file data07.txt (compact mmCIF, C-alpha atoms (C1' of nucleotides))
# COMPACT_ATOMS: atom_id res chain seq x y z
CA MET A 66 -25.42 12.14 18.69
CA THR A 67 -23.68 11.25 21.91
CA SER A 68 -26.24 9.33 23.88
CA PRO A 69 -24.21 7.51 26.51
CA GLU A 70 -26.82 4.86 27.03
CA MET A 71 -24.01 2.76 28.39
CA THR A 72 -24.82 -0.63 29.74
CA GLN A 73 -21.40 -0.79 31.37
CA GLU A 74 -19.90 1.11 34.22
CA SER A 75 -17.28 3.11 32.43
CA ALA A 76 -18.20 3.40 28.81
CA ALA A 77 -16.05 5.88 26.96
CA ALA A 78 -17.13 9.18 28.31
CA HIS A 79 -16.01 12.10 26.23
CA PRO A 80 -14.67 12.10 22.70
CA ALA A 81 -11.01 12.47 23.62
CA GLU A 82 -10.92 9.04 25.25
CA PRO A 83 -9.50 6.12 23.36
CA ILE A 84 -12.11 3.52 22.71
CA GLY A 85 -11.76 0.11 21.24
CA PHE A 86 -10.12 -1.72 24.12
CA GLU A 87 -12.85 -0.93 26.56
CA ARG A 88 -16.38 -2.06 27.06
CA HIS A 89 -18.98 0.12 25.56
CA ASP A 90 -22.42 0.03 24.06
CA HIS A 91 -21.48 -1.12 20.61
CA ALA A 92 -24.96 -0.88 19.15
CA SER A 93 -24.99 2.80 19.92
CA CYS A 94 -21.52 3.10 18.43
CA ILE A 95 -23.00 2.18 15.09
CA ALA A 96 -26.22 4.12 15.40
CA ASP A 97 -24.47 7.21 16.68
CA GLY A 98 -21.81 7.03 14.02
CA LEU A 99 -24.34 6.85 11.23
CA ALA A 100 -26.48 9.59 12.69
CA GLU A 101 -23.45 11.83 13.13
CA ALA A 102 -22.38 11.24 9.57
CA GLU A 103 -25.81 11.99 8.21
CA ALA A 104 -26.03 15.20 10.14
CA ARG A 105 -22.57 16.29 9.11
CA CYS A 106 -23.21 15.48 5.47
CA VAL A 107 -26.34 17.57 5.45
CA ALA A 108 -24.50 20.38 7.14
CA LYS A 109 -21.63 20.28 4.68
CA GLY A 110 -23.62 19.56 1.55
CA LEU A 111 -22.13 16.13 1.06
CA ARG A 112 -24.07 13.20 -0.27
CA LEU A 113 -24.15 10.15 1.95
CA THR A 114 -25.33 7.81 -0.80
CA PRO A 115 -26.34 4.19 -0.19
CA VAL A 116 -22.90 2.68 -0.91
CA ARG A 117 -21.19 5.24 1.22
CA ARG A 118 -23.61 4.77 4.03
CA LYS A 119 -23.28 1.03 3.84
CA ALA A 120 -19.50 1.27 3.81
CA LEU A 121 -19.57 3.40 6.93
CA GLU A 122 -21.94 0.98 8.60
CA ILE A 123 -19.61 -1.89 7.78
CA LEU A 124 -16.65 -0.05 9.25
CA LEU A 125 -18.61 0.87 12.35
CA GLN A 126 -19.43 -2.76 12.97
CA GLU A 127 -15.92 -3.39 14.22
CA HIS A 128 -13.16 -1.65 16.02
CA ARG A 129 -10.75 -3.22 13.61
CA ALA A 130 -9.25 -2.00 10.42
CA LEU A 131 -10.75 -3.46 7.28
CA GLY A 132 -8.85 -3.88 4.03
CA ALA A 133 -10.36 -2.37 0.92
CA TYR A 134 -10.96 -5.82 -0.51
CA ASP A 135 -12.70 -7.02 2.63
CA MET A 136 -14.88 -3.99 2.30
CA LEU A 137 -15.46 -4.82 -1.33
CA ASP A 138 -16.58 -8.33 -0.42
CA ARG A 139 -19.08 -7.02 2.06
CA LEU A 140 -20.39 -4.37 -0.26
CA ARG A 141 -20.84 -6.98 -2.94
CA ALA A 142 -22.70 -9.14 -0.44
CA SER A 143 -25.03 -6.20 0.10
CA GLY A 144 -25.77 -5.91 -3.57
CA PHE A 145 -23.35 -3.22 -4.64
CA GLY A 146 -20.81 -3.32 -7.43
CA SER A 147 -18.04 -5.84 -7.19
CA GLN A 148 -15.03 -4.08 -8.68
CA PRO A 149 -12.29 -2.46 -6.59
CA PRO A 150 -13.15 1.14 -7.43
CA VAL A 151 -16.51 0.67 -5.71
CA ALA A 152 -14.80 0.11 -2.39
CA TYR A 153 -12.04 2.63 -2.93
CA ARG A 154 -14.43 5.37 -3.89
CA ALA A 155 -16.62 4.84 -0.87
CA LEU A 156 -13.58 4.74 1.38
CA ASP A 157 -12.11 7.84 -0.21
CA PHE A 158 -15.31 9.69 0.45
CA LEU A 159 -15.41 8.61 4.07
CA VAL A 160 -11.78 9.49 4.65
CA ALA A 161 -12.09 12.85 2.93
CA GLY A 162 -15.14 13.66 5.03
CA GLY A 163 -13.43 12.64 8.23
CA PHE A 164 -15.79 9.72 8.83
CA ALA A 165 -13.04 7.15 8.55
CA HIS A 166 -9.28 6.93 8.63
CA LYS A 167 -6.69 4.93 6.80
CA ILE A 168 -4.27 2.94 8.90
CA GLU A 169 -1.15 3.28 6.80
CA CYS A 170 0.85 0.50 8.32
CA LEU A 171 -1.94 -1.98 7.64
CA ASN A 172 -3.23 -0.66 4.35
CA ALA A 173 -6.63 -0.75 5.94
CA PHE A 174 -9.45 1.49 7.04
CA ILE A 175 -11.35 2.16 10.22
CA ALA A 176 -14.35 4.23 11.20
CA CYS A 177 -13.54 7.44 12.97
CA ALA A 178 -14.15 7.16 16.67
CA HIS A 179 -14.39 10.86 17.33
CA PRO A 180 -16.48 12.28 14.52
CA GLY A 181 -16.60 16.00 14.65
CA ALA A 182 -13.65 16.40 16.92
CA GLN A 183 -10.84 18.36 15.35
CA HIS A 184 -8.66 15.72 14.03
CA THR A 185 -5.13 14.63 14.61
CA PRO A 186 -5.85 10.99 15.16
CA ALA A 187 -3.38 8.54 16.62
CA PHE A 188 -3.93 4.82 16.58
CA MET A 189 -3.00 1.94 18.84
CA ILE A 190 -2.97 -1.29 16.90
CA CYS A 191 -2.80 -4.69 18.56
CA ARG A 192 -0.57 -6.95 16.53
CA THR A 193 -2.32 -10.05 17.84
CA CYS A 194 -6.06 -9.43 17.79
CA GLU A 195 -5.83 -6.51 15.36
CA ALA A 196 -8.07 -4.31 17.46
CA VAL A 197 -7.51 -0.64 16.84
CA ALA A 198 -8.16 2.20 19.25
CA GLU A 199 -8.17 5.82 18.25
CA ALA A 200 -6.80 8.53 20.46
CA GLN A 201 -6.14 12.18 19.93
CA ALA A 202 -2.57 13.15 19.33
CA ALA A 203 -0.86 16.49 19.32
CA PRO A 204 2.32 15.68 17.48
CA ALA A 205 2.87 19.31 16.62
CA ARG A 206 3.40 19.98 20.30
CA GLY A 207 6.01 17.31 20.90
CA SER A 208 9.46 16.69 19.56
CA LEU A 209 8.18 16.33 16.02
CA GLY A 210 6.66 19.78 16.14
CA LYS A 211 9.89 21.15 17.51
CA ALA A 212 11.89 19.56 14.71
CA ALA A 213 9.43 20.90 12.14
CA ARG A 214 9.67 24.43 13.46
CA ALA A 215 13.43 24.20 13.66
CA SER A 216 13.77 23.15 10.04
CA GLY A 217 10.95 25.27 8.66
CA PHE A 218 8.79 22.33 7.65
CA ALA A 219 5.04 23.04 7.42
CA ILE A 220 3.04 20.08 8.65
CA GLU A 221 -0.24 19.48 6.87
CA ARG A 222 -1.15 15.99 7.98
CA THR A 223 0.30 13.53 10.40
CA VAL A 224 0.27 9.77 10.58
CA VAL A 225 0.70 8.45 14.10
CA GLU A 226 0.35 4.75 14.64
CA ALA A 227 1.56 2.58 17.48
CA GLU A 228 1.83 -1.18 17.13
CA GLY A 229 1.86 -3.32 20.21
CA LEU A 230 -0.31 -5.41 22.45
CA CYS A 231 -3.72 -4.52 23.80
CA PRO A 232 -4.47 -5.34 27.44
CA ALA A 233 -6.31 -8.55 26.63
CA CYS A 234 -3.52 -9.90 24.42
CA GLN A 235 -0.88 -9.06 26.99
CA ASP A 236 -2.68 -11.37 29.38
CA GLY A 237 -2.89 -14.01 26.69
CA ALA A 238 0.83 -13.77 26.02
CA GLN A 239 1.54 -14.22 29.72
CA ASP A 240 -0.60 -17.35 29.82
CA GLU A 241 1.34 -18.85 26.95
CA ALA A 242 4.67 -17.91 28.46
CA GLY A 243 3.63 -19.54 31.72
CA ALA A 244 2.39 -22.72 30.04
CA MET B 104 21.19 14.29 -10.05
CA THR B 105 22.57 15.22 -6.68
CA SER B 106 21.41 18.35 -5.01
CA PRO B 107 23.03 21.44 -6.50
CA GLU B 108 24.20 22.73 -3.18
CA MET B 109 26.39 20.32 -1.42
CA THR B 110 29.88 20.30 -0.06
CA GLN B 111 28.88 23.37 1.87
CA GLU B 112 30.04 24.69 5.13
CA SER B 113 27.74 22.95 7.55
CA ALA B 114 27.92 19.20 7.50
CA ALA B 115 25.09 18.01 9.73
CA ALA B 116 26.43 18.33 13.18
CA HIS B 117 25.03 15.87 15.63
CA PRO B 118 22.74 12.94 15.07
CA ALA B 119 19.64 14.31 16.75
CA GLU B 120 19.21 17.04 14.15
CA PRO B 121 16.78 16.58 11.32
CA ILE B 122 18.67 16.44 8.09
CA GLY B 123 17.42 16.39 4.58
CA PHE B 124 16.18 19.95 4.24
CA GLU B 125 19.49 21.47 5.12
CA ARG B 126 22.79 21.78 3.42
CA HIS B 127 25.29 19.24 4.36
CA ASP B 128 28.24 17.32 3.05
CA HIS B 129 26.36 14.74 1.12
CA ALA B 130 29.41 12.76 0.04
CA SER B 131 30.24 12.13 3.65
CA CYS B 132 26.60 11.20 4.27
CA ILE B 133 27.12 8.21 2.03
CA ALA B 134 30.60 7.32 3.17
CA ASP B 135 29.72 7.67 6.82
CA GLY B 136 26.53 5.72 6.43
CA LEU B 137 28.30 2.82 4.80
CA ALA B 138 31.12 2.86 7.31
CA GLU B 139 28.68 2.96 10.20
CA ALA B 140 26.75 0.06 8.78
CA GLU B 141 29.86 -2.00 8.24
CA ALA B 142 31.02 -1.41 11.76
CA ARG B 143 27.67 -2.19 13.25
CA CYS B 144 27.31 -5.36 11.21
CA VAL B 145 30.68 -6.60 12.40
CA ALA B 146 29.76 -5.75 15.96
CA LYS B 147 26.43 -7.52 15.77
CA GLY B 148 27.50 -10.47 13.66
CA LEU B 149 25.39 -9.46 10.69
CA ARG B 150 26.49 -9.96 7.13
CA LEU B 151 26.57 -6.86 4.98
CA THR B 152 26.69 -8.73 1.69
CA PRO B 153 27.19 -7.05 -1.70
CA VAL B 154 23.48 -6.68 -2.51
CA ARG B 155 22.73 -5.34 0.90
CA ARG B 156 25.63 -2.95 0.80
CA LYS B 157 24.63 -1.75 -2.64
CA ALA B 158 21.04 -1.29 -1.54
CA LEU B 159 22.16 0.82 1.38
CA GLU B 160 24.42 2.85 -0.87
CA ILE B 161 21.52 3.46 -3.23
CA LEU B 162 19.32 4.63 -0.39
CA LEU B 163 22.06 6.85 0.97
CA GLN B 164 22.39 8.58 -2.37
CA GLU B 165 19.21 10.50 -1.76
CA HIS B 166 17.26 11.97 1.06
CA ARG B 167 14.16 10.69 -0.57
CA ALA B 168 12.18 7.54 -0.10
CA LEU B 169 12.65 4.94 -2.78
CA GLY B 170 10.01 2.39 -3.74
CA ALA B 171 11.01 -1.25 -3.67
CA TYR B 172 10.71 -1.47 -7.43
CA ASP B 173 12.86 1.59 -7.96
CA MET B 174 15.39 -0.12 -5.77
CA LEU B 175 15.01 -3.26 -7.81
CA ASP B 176 15.71 -1.35 -11.02
CA ARG B 177 18.89 0.09 -9.62
CA LEU B 178 20.06 -3.18 -8.21
CA ARG B 179 19.46 -4.80 -11.55
CA ALA B 180 21.44 -2.03 -13.20
CA SER B 181 24.28 -2.91 -10.87
CA GLY B 182 24.22 -6.52 -11.92
CA PHE B 183 22.14 -8.10 -9.19
CA GLY B 184 19.05 -10.23 -9.55
CA SER B 185 16.06 -8.68 -11.19
CA GLN B 186 13.13 -10.18 -9.35
CA PRO B 187 11.18 -8.45 -6.56
CA PRO B 188 12.41 -10.63 -3.70
CA VAL B 189 15.92 -9.40 -4.35
CA ALA B 190 14.95 -5.87 -3.45
CA TYR B 191 12.58 -6.81 -0.66
CA ARG B 192 15.11 -9.04 1.02
CA ALA B 193 17.80 -6.43 0.97
CA LEU B 194 15.39 -3.83 2.28
CA ASP B 195 14.11 -6.15 4.97
CA PHE B 196 17.63 -6.71 6.15
CA LEU B 197 18.38 -3.01 6.26
CA VAL B 198 15.18 -2.21 8.10
CA ALA B 199 15.63 -5.04 10.58
CA GLY B 200 19.16 -3.88 11.29
CA GLY B 201 18.09 -0.29 11.72
CA PHE B 202 20.01 0.92 8.68
CA ALA B 203 16.89 1.99 6.87
CA HIS B 204 13.25 2.73 7.57
CA LYS B 205 10.03 2.17 5.76
CA ILE B 206 7.88 5.21 5.15
CA GLU B 207 4.46 3.67 5.54
CA CYS B 208 2.44 6.38 3.94
CA LEU B 209 4.54 6.17 0.78
CA ASN B 210 5.24 2.46 0.70
CA ALA B 211 8.85 3.39 0.28
CA PHE B 212 12.17 3.16 2.02
CA ILE B 213 14.83 5.57 3.18
CA ALA B 214 18.26 5.26 4.71
CA CYS B 215 18.43 5.88 8.40
CA ALA B 216 19.81 9.30 9.16
CA HIS B 217 20.80 8.57 12.73
CA PRO B 218 22.40 5.15 12.68
CA GLY B 219 23.15 3.95 16.11
CA ALA B 220 20.91 6.36 17.89
CA GLN B 221 18.17 4.67 19.86
CA HIS B 222 15.36 4.72 17.52
CA THR B 223 11.93 6.21 17.53
CA PRO B 224 12.13 7.87 14.19
CA ALA B 225 9.71 10.50 12.95
CA PHE B 226 9.63 11.68 9.37
CA MET B 227 8.79 14.91 7.64
CA ILE B 228 7.80 14.29 4.07
CA CYS B 229 7.47 17.04 1.50
CA ARG B 230 4.50 16.34 -0.72
CA THR B 231 5.97 18.37 -3.55
CA CYS B 232 9.63 17.48 -3.86
CA GLU B 233 9.33 14.27 -1.89
CA ALA B 234 12.32 15.04 0.28
CA VAL B 235 12.23 13.26 3.59
CA ALA B 236 13.88 14.36 6.81
CA GLU B 237 14.23 12.17 9.83
CA ALA B 238 13.89 13.47 13.34
CA GLN B 239 13.72 11.80 16.69
CA ALA B 240 10.30 11.49 18.23
CA ALA B 241 9.22 10.58 21.69
CA PRO B 242 5.61 9.67 21.10
CA ALA B 243 5.46 7.68 24.30
CA ARG B 244 5.91 10.92 26.19
CA GLY B 245 3.10 12.84 24.54
CA SER B 246 -0.61 12.39 24.36
CA LEU B 247 -0.26 9.06 22.63
CA GLY B 248 1.79 7.69 25.50
CA LYS B 249 -0.76 9.00 27.92
CA ALA B 250 -3.59 7.31 26.07
CA ALA B 251 -1.61 4.07 25.92
CA ARG B 252 -0.96 4.04 29.62
CA ALA B 253 -4.55 4.94 30.35
CA SER B 254 -5.89 2.05 28.33
CA GLY B 255 -3.15 -0.44 29.18
CA PHE B 256 -1.79 -0.68 25.67
CA ALA B 257 1.87 -1.76 25.39
CA ILE B 258 3.60 0.11 22.58
CA GLU B 259 6.24 -1.85 20.71
CA ARG B 260 6.80 0.25 17.64
CA THR B 261 5.57 3.60 16.45
CA VAL B 262 5.03 5.09 13.05
CA VAL B 263 5.20 8.87 13.03
CA GLU B 264 5.07 10.62 9.70
CA ALA B 265 4.22 14.19 8.86
CA GLU B 266 3.27 15.24 5.36
CA GLY B 267 3.60 18.83 4.36
CA LEU B 268 5.86 21.30 2.62
CA CYS B 269 9.57 21.65 3.09
CA PRO B 270 11.02 25.16 3.30
CA ALA B 271 12.06 25.26 -0.35
CA CYS B 272 8.67 24.15 -1.62
CA GLN B 273 6.88 26.68 0.58
CA ASP B 274 8.81 29.37 -1.24
CA GLY B 275 7.97 27.78 -4.55
CA ALA B 276 4.28 27.74 -3.69
CA GLN B 277 4.43 31.43 -2.80
CA ASP B 278 6.06 32.24 -6.12
CA GLU B 279 3.31 30.48 -8.00
CA ALA B 280 0.60 32.11 -5.94
CA GLY B 281 2.15 35.48 -6.65
CA ALA B 282 2.54 34.89 -10.37
C1' DG C 260 -41.01 19.03 -21.37
C1' DG C 261 -36.34 18.42 -23.30
C1' DA C 262 -31.42 19.18 -23.35
C1' DC C 263 -27.58 19.80 -20.60
C1' DT C 264 -24.49 19.20 -16.79
C1' DC C 265 -22.57 17.29 -12.73
C1' DC C 266 -21.75 13.78 -9.99
C1' DA C 267 -22.01 9.10 -8.61
C1' DT C 268 -21.88 4.39 -9.97
C1' DG C 269 -20.58 0.04 -12.58
C1' DT C 270 -17.18 -2.49 -15.04
C1' DG C 271 -13.03 -4.22 -17.49
C1' DA C 272 -8.28 -3.88 -17.67
C1' DT C 273 -3.93 -2.64 -15.82
C1' DT C 274 -0.37 -1.07 -12.69
C1' DT C 275 1.94 -1.18 -8.40
C1' DT C 276 3.31 -3.49 -4.27
C1' DG C 277 4.42 -7.52 -1.81
C1' DT C 278 4.91 -12.97 -0.95
C1' DA C 279 5.24 -18.04 -1.46
C1' DA C 280 7.78 -21.65 -2.94
C1' DC C 281 11.68 -23.92 -4.57
C1' DA C 282 16.37 -24.62 -6.74
C1' DT C 283 21.17 -23.17 -6.42
C1' DT C 284 25.35 -21.38 -4.45
C1' DC C 285 28.69 -20.48 -1.01
C1' DG C 286 31.14 -20.24 3.25
C1' DA C 287 31.64 -22.38 8.00
C1' DC C 288 32.59 -26.36 10.42
C1' DG C 289 33.18 -31.10 11.80
C1' DC D 247 35.15 -34.30 1.86
C1' DG D 248 30.21 -33.94 3.47
C1' DT D 249 26.77 -31.31 5.36
C1' DC D 250 24.40 -27.53 7.29
C1' DG D 251 22.60 -23.01 7.23
C1' DA D 252 22.31 -18.57 5.30
C1' DA D 253 21.99 -15.85 1.12
C1' DT D 254 20.76 -15.51 -3.63
C1' DG D 255 18.18 -16.25 -7.96
C1' DT D 256 13.94 -17.25 -10.34
C1' DT D 257 9.09 -18.55 -11.30
C1' DA D 258 4.81 -17.77 -10.11
C1' DC D 259 1.34 -15.60 -7.67
C1' DA D 260 -1.41 -12.63 -4.32
C1' DA D 261 -2.77 -8.21 -2.59
C1' DA D 262 -3.48 -3.30 -3.06
C1' DA D 263 -4.57 0.50 -5.90
C1' DT D 264 -5.57 3.08 -10.15
C1' DC D 265 -7.00 4.13 -15.10
C1' DA D 266 -10.29 4.60 -18.55
C1' DC D 267 -14.67 4.61 -20.17
C1' DA D 268 -19.75 3.69 -20.22
C1' DT D 269 -24.17 4.31 -17.70
C1' DG D 270 -27.59 6.55 -14.96
C1' DG D 271 -29.95 9.81 -11.95
C1' DA D 272 -30.82 14.51 -9.80
C1' DG D 273 -30.74 19.45 -10.78
C1' DT D 274 -30.82 23.37 -13.79
C1' DC D 275 -31.70 26.19 -17.70
C1' DC D 276 -34.23 27.39 -21.68
call {"tool": "encode", "arguments": {"input": "data07.txt", "output": "C-alpha cells"}}
result
Amino acid sequence: MTSPEMTQESAAAHPAEPIGFERHDHASCIADGLAEAEARCVAKGLRLTPVRRKALEILLQEHRALGAYDMLDRLRASGFGSQPPVAYRALDFLVAGGFAHKIECLNAFIACAHPGAQHTPAFMICRTCEAVAEAQAAPARGSLGKAARASGFAIERTVVEAEGLCPACQDGAQDEAGA
Amino acid sequence: MTSPEMTQESAAAHPAEPIGFERHDHASCIADGLAEAEARCVAKGLRLTPVRRKALEILLQEHRALGAYDMLDRLRASGFGSQPPVAYRALDFLVAGGFAHKIECLNAFIACAHPGAQHTPAFMICRTCEAVAEAQAAPARGSLGKAARASGFAIERTVVEAEGLCPACQDGAQDEAGA
DNA sequence: GGACTCCATGTGATTTTGTAACATTCGACG
DNA sequence: CGTCGAATGTTACAAAATCACATGGAGTCC
C-alpha cells in the first residue's frame, strides 16, 4: 500500500523513482513492503509462511544487499532453522514471487523496491557503503535490444547492475582526497 | 568439439557486431585474439606469460563462458599448476587487461570479443546451449543513466547480461513443442 | 475419523566457487 | 653477484550453493 506518509520533503514519489540514496520514511518502507507482499500472495495463491515473511522483513530493513549466509544468521536468531537451505529456500521464494532480487555481482539479495511494477530492475550499487538503489530499466529498448533483434536472440531476463559511488560516498572521497 | 559450421563465408566483419550466434571464421577468432592481446600487452607493458596466454587461448576456443575450475582443469592438462589460484590469477589478469570478461550470472568467464574497443560490454546468454554473444551497450544513455544522474550516482562499471534463447535453440524449442 | 497427498520445513553432508598465506623461481637492474 | 619485484606453485581455508532425505502440517477424498 503506497501511503506516502513522508516525514521528509521529497520522499520517493512514484514507483519508477530510484530509492535508496534518498531520504524516505523507512518505517513505512517495511510496513508497506510486507503489506504489499501479503496482498499479492493472497491474490496469487502463494503462501507467505513465517520464514518467508521474516526473510522479507529482514531484507526490507535495509537498502543493502544481504548475503544468503547473513540472512541465515538472522533467521537463526529469530528461531528458524540454521542450515543453508533454510535461507536459500526463503530467498528463492521471494525472488520467484518478485518480492526480492538477486544482485549477481555481489551474490546477495535485496528487497524489491517497486513491488507490483512490471519488472526489469536495474541496480546502482555503491562500492563503498554498499547501498543499493533500484531503478527501472528498459534494456530491450537500448543498444542491447537492438543487438538482440539483429541476431535473433530472445531475451527472457536481464541483469543490469551498475557499480560506482553514491552521492554521499562521492563527498567522502573528496574529503579524503583533499586531506 | 568445435562448431560444425565454421570456415564459412562471413568472418565477423567489424568489432561492434555481436558474434557468437553467427557463422564466422573461428580459427581466425583465436589467432586474432591472441595476436591482439600480444600487441596490446607490449603496448601497455603487460606480461602475457605462458599461463596467461594459454588461458586466453582456452577461452578463445569457445564462445561459451568457462568456469574457473573448468579453466583450471584445462590448464592442468596443459602442464600448469593445478590449484585454484592458478586459474583465478590468470583470469584476473585477463579481465583486468580487458582480454576477457566475467559473466556474473554464471560465475564464469569468456574471452572478449571486441578487444580494443572501448568497453561497456553486454552479453546475451543462451540458457539452453550456453552460447554467449557479446555486444556493446550504452547503459549510461538509457533509463539507467537517467536514474543515475537523477540520484547523483556515479557509475564506474556496469554489468549487463541478458538470458534467453539463441536463434538455434528457439528453433529447437519449436521442434520439441511440435513433436 | 483415517489415509493420502502436497508442500513446506529441518538437517546433515557435499559440491562449487573463491581467497589467504607463504615458499620458490625468474628476470631486470644496480 | 646481490637484491628486488613480479609471477608461479602449493597448502589450507572460507564463502556460496546444492543434494538427499526425514519430519510435519494443511487439505482432500473416501
call {"tool": "atom_distance", "arguments": {"input": "data07.txt", "atom1": "CA of Ala205 (chain A)", "atom2": "CA of Cys177 (chain A)"}}
result
20.6 Å
call {"tool": "interface_residues", "arguments": {"input": "data07.txt", "of": "chain C", "to": "chain A", "cutoff": "8 Å", "atoms": "only C-alpha atoms (C1' of nucleotides)", "output": "MDAnalysis selection string"}}
result
chainID C and resid 268:270
call {"tool": "interface_residues", "arguments": {"input": "data07.txt", "of": "chain D", "to": "chain B", "cutoff": "8 Å", "atoms": "all atoms listed in the file", "output": "list in words"}}
result
DT254, DG255 and DT256 of chain D
call {"tool": "calpha_fit_rmsd", "arguments": {"input": "data07.txt", "fixed": "chain B", "moving": "chain A"}}
result
3.4 Å
call {"tool": "interface_residues", "arguments": {"input": "data07.txt", "of": "chain B", "to": "chain A", "cutoff": "7 Å", "atoms": "only C-alpha atoms", "output": "PDB file with C-alpha atoms, keeping the file's coordinate frame"}}
result
ATOM      1  CA  PRO B 121      16.780  16.580  11.320  1.00  0.00           C
ATOM      2  CA  GLU B 207       4.460   3.670   5.540  1.00  0.00           C
ATOM      3  CA  CYS B 208       2.440   6.380   3.940  1.00  0.00           C
ATOM      4  CA  ALA B 225       9.710  10.500  12.950  1.00  0.00           C
ATOM      5  CA  ALA B 238      13.890  13.470  13.340  1.00  0.00           C
ATOM      6  CA  ALA B 240      10.300  11.490  18.230  1.00  0.00           C
ATOM      7  CA  ALA B 241       9.220  10.580  21.690  1.00  0.00           C
ATOM      8  CA  GLY B 245       3.100  12.840  24.540  1.00  0.00           C
ATOM      9  CA  SER B 246      -0.610  12.390  24.360  1.00  0.00           C
ATOM     10  CA  LEU B 247      -0.260   9.060  22.630  1.00  0.00           C
ATOM     11  CA  ALA B 250      -3.590   7.310  26.070  1.00  0.00           C
ATOM     12  CA  GLY B 255      -3.150  -0.440  29.180  1.00  0.00           C
ATOM     13  CA  PHE B 256      -1.790  -0.680  25.670  1.00  0.00           C
ATOM     14  CA  ALA B 257       1.870  -1.760  25.390  1.00  0.00           C
ATOM     15  CA  ILE B 258       3.600   0.110  22.580  1.00  0.00           C
ATOM     16  CA  GLU B 259       6.240  -1.850  20.710  1.00  0.00           C
ATOM     17  CA  ARG B 260       6.800   0.250  17.640  1.00  0.00           C
ATOM     18  CA  THR B 261       5.570   3.600  16.450  1.00  0.00           C
ATOM     19  CA  VAL B 262       5.030   5.090  13.050  1.00  0.00           C
ATOM     20  CA  VAL B 263       5.200   8.870  13.030  1.00  0.00           C
ATOM     21  CA  GLU B 264       5.070  10.620   9.700  1.00  0.00           C
ATOM     22  CA  ALA B 265       4.220  14.190   8.860  1.00  0.00           C
ATOM     23  CA  GLU B 266       3.270  15.240   5.360  1.00  0.00           C
ATOM     24  CA  GLY B 267       3.600  18.830   4.360  1.00  0.00           C
ATOM     25  CA  LEU B 268       5.860  21.300   2.620  1.00  0.00           C
ATOM     26  CA  CYS B 269       9.570  21.650   3.090  1.00  0.00           C
ATOM     27  CA  PRO B 270      11.020  25.160   3.300  1.00  0.00           C
TER      28      PRO B 270
END
call {"tool": "atom_distance", "arguments": {"input": "data07.txt", "atom1": "CA of Gly148 (chain B)", "atom2": "CA of His129 (chain B)"}}
result
28.2 Å
call {"tool": "atom_distance", "arguments": {"input": "data07.txt", "atom1": "CA of Leu99 (chain A)", "atom2": "C1' of DG273 (chain D)"}}
result
26.2 Å
call {"tool": "closest_residue", "arguments": {"input": "data07.txt", "among": "B:Ala158, B:Leu163, B:Val145, B:Ala234", "to": "His217 (chain B)", "atoms": "only C-alpha atoms"}}
result
B:Leu163
call {"tool": "residues_around", "arguments": {"input": "data07.txt", "residues": "Gln126 (chain A)", "least_positions_apart": "3", "cutoff": "7 Å", "atoms": "only C-alpha atoms (C1' of nucleotides)", "output": "PDB file with C-alpha atoms, keeping the file's coordinate frame"}}
result
ATOM      1  CA  ILE A  95     -23.000   2.180  15.090  1.00  0.00           C
ATOM      2  CA  GLU A 122     -21.940   0.980   8.600  1.00  0.00           C
ATOM      3  CA  ILE A 123     -19.610  -1.890   7.780  1.00  0.00           C
TER       4      ILE A 123
END
call {"tool": "residues_around", "arguments": {"input": "data07.txt", "residues": "DG251 (chain D)", "least_positions_apart": "6", "cutoff": "12 Å", "atoms": "all atoms listed in the file", "output": "PyMOL selection string"}}
result
chain C and resi 285-288
call {"tool": "closest_residue", "arguments": {"input": "data07.txt", "among": "D:DT269, D:DT264, D:DT257, D:DT249", "to": "DT273 (chain C)", "atoms": "only C-alpha atoms (C1' of nucleotides)"}}
result
D:DT264
call {"tool": "closest_residue", "arguments": {"input": "data07.txt", "among": "C:DA262, C:DC281, C:DA267, C:DT275", "to": "DA272 (chain D)", "atoms": "all atoms listed in the file"}}
result
C:DA267
call {"tool": "residues_around", "arguments": {"input": "data07.txt", "residues": "Ala102 (chain A)", "least_positions_apart": "2", "cutoff": "8 Å", "atoms": "all atoms listed in the file", "output": "list in words"}}
result
Gly98, Leu99, Ala100, Ala104, Arg105, Cys106, Leu113, Phe164 and Pro180 of chain A
call {"tool": "residues_around", "arguments": {"input": "data07.txt", "residues": "DG277 (chain C)", "least_positions_apart": "4", "cutoff": "10 Å", "atoms": "all atoms listed in the file", "output": "ChimeraX atom specification"}}
result
/B:171,187-188,191 /D:260-262
call {"tool": "write_last_selection", "arguments": {"input": "data07.txt", "atoms": "C-alpha atoms (C1' of nucleotides)", "output": "mmCIF file, in the frame of the given file"}}
result
data_model
loop_
_atom_site.group_PDB
_atom_site.id
_atom_site.type_symbol
_atom_site.label_atom_id
_atom_site.label_comp_id
_atom_site.auth_asym_id
_atom_site.auth_seq_id
_atom_site.Cartn_x
_atom_site.Cartn_y
_atom_site.Cartn_z
ATOM 1 C CA ALA B 171 11.010 -1.250 -3.670
ATOM 2 C CA PRO B 187 11.180 -8.450 -6.560
ATOM 3 C CA PRO B 188 12.410 -10.630 -3.700
ATOM 4 C CA TYR B 191 12.580 -6.810 -0.660
ATOM 5 C "C1'" DA D 260 -1.410 -12.630 -4.320
ATOM 6 C "C1'" DA D 261 -2.770 -8.210 -2.590
ATOM 7 C "C1'" DA D 262 -3.480 -3.300 -3.060
#
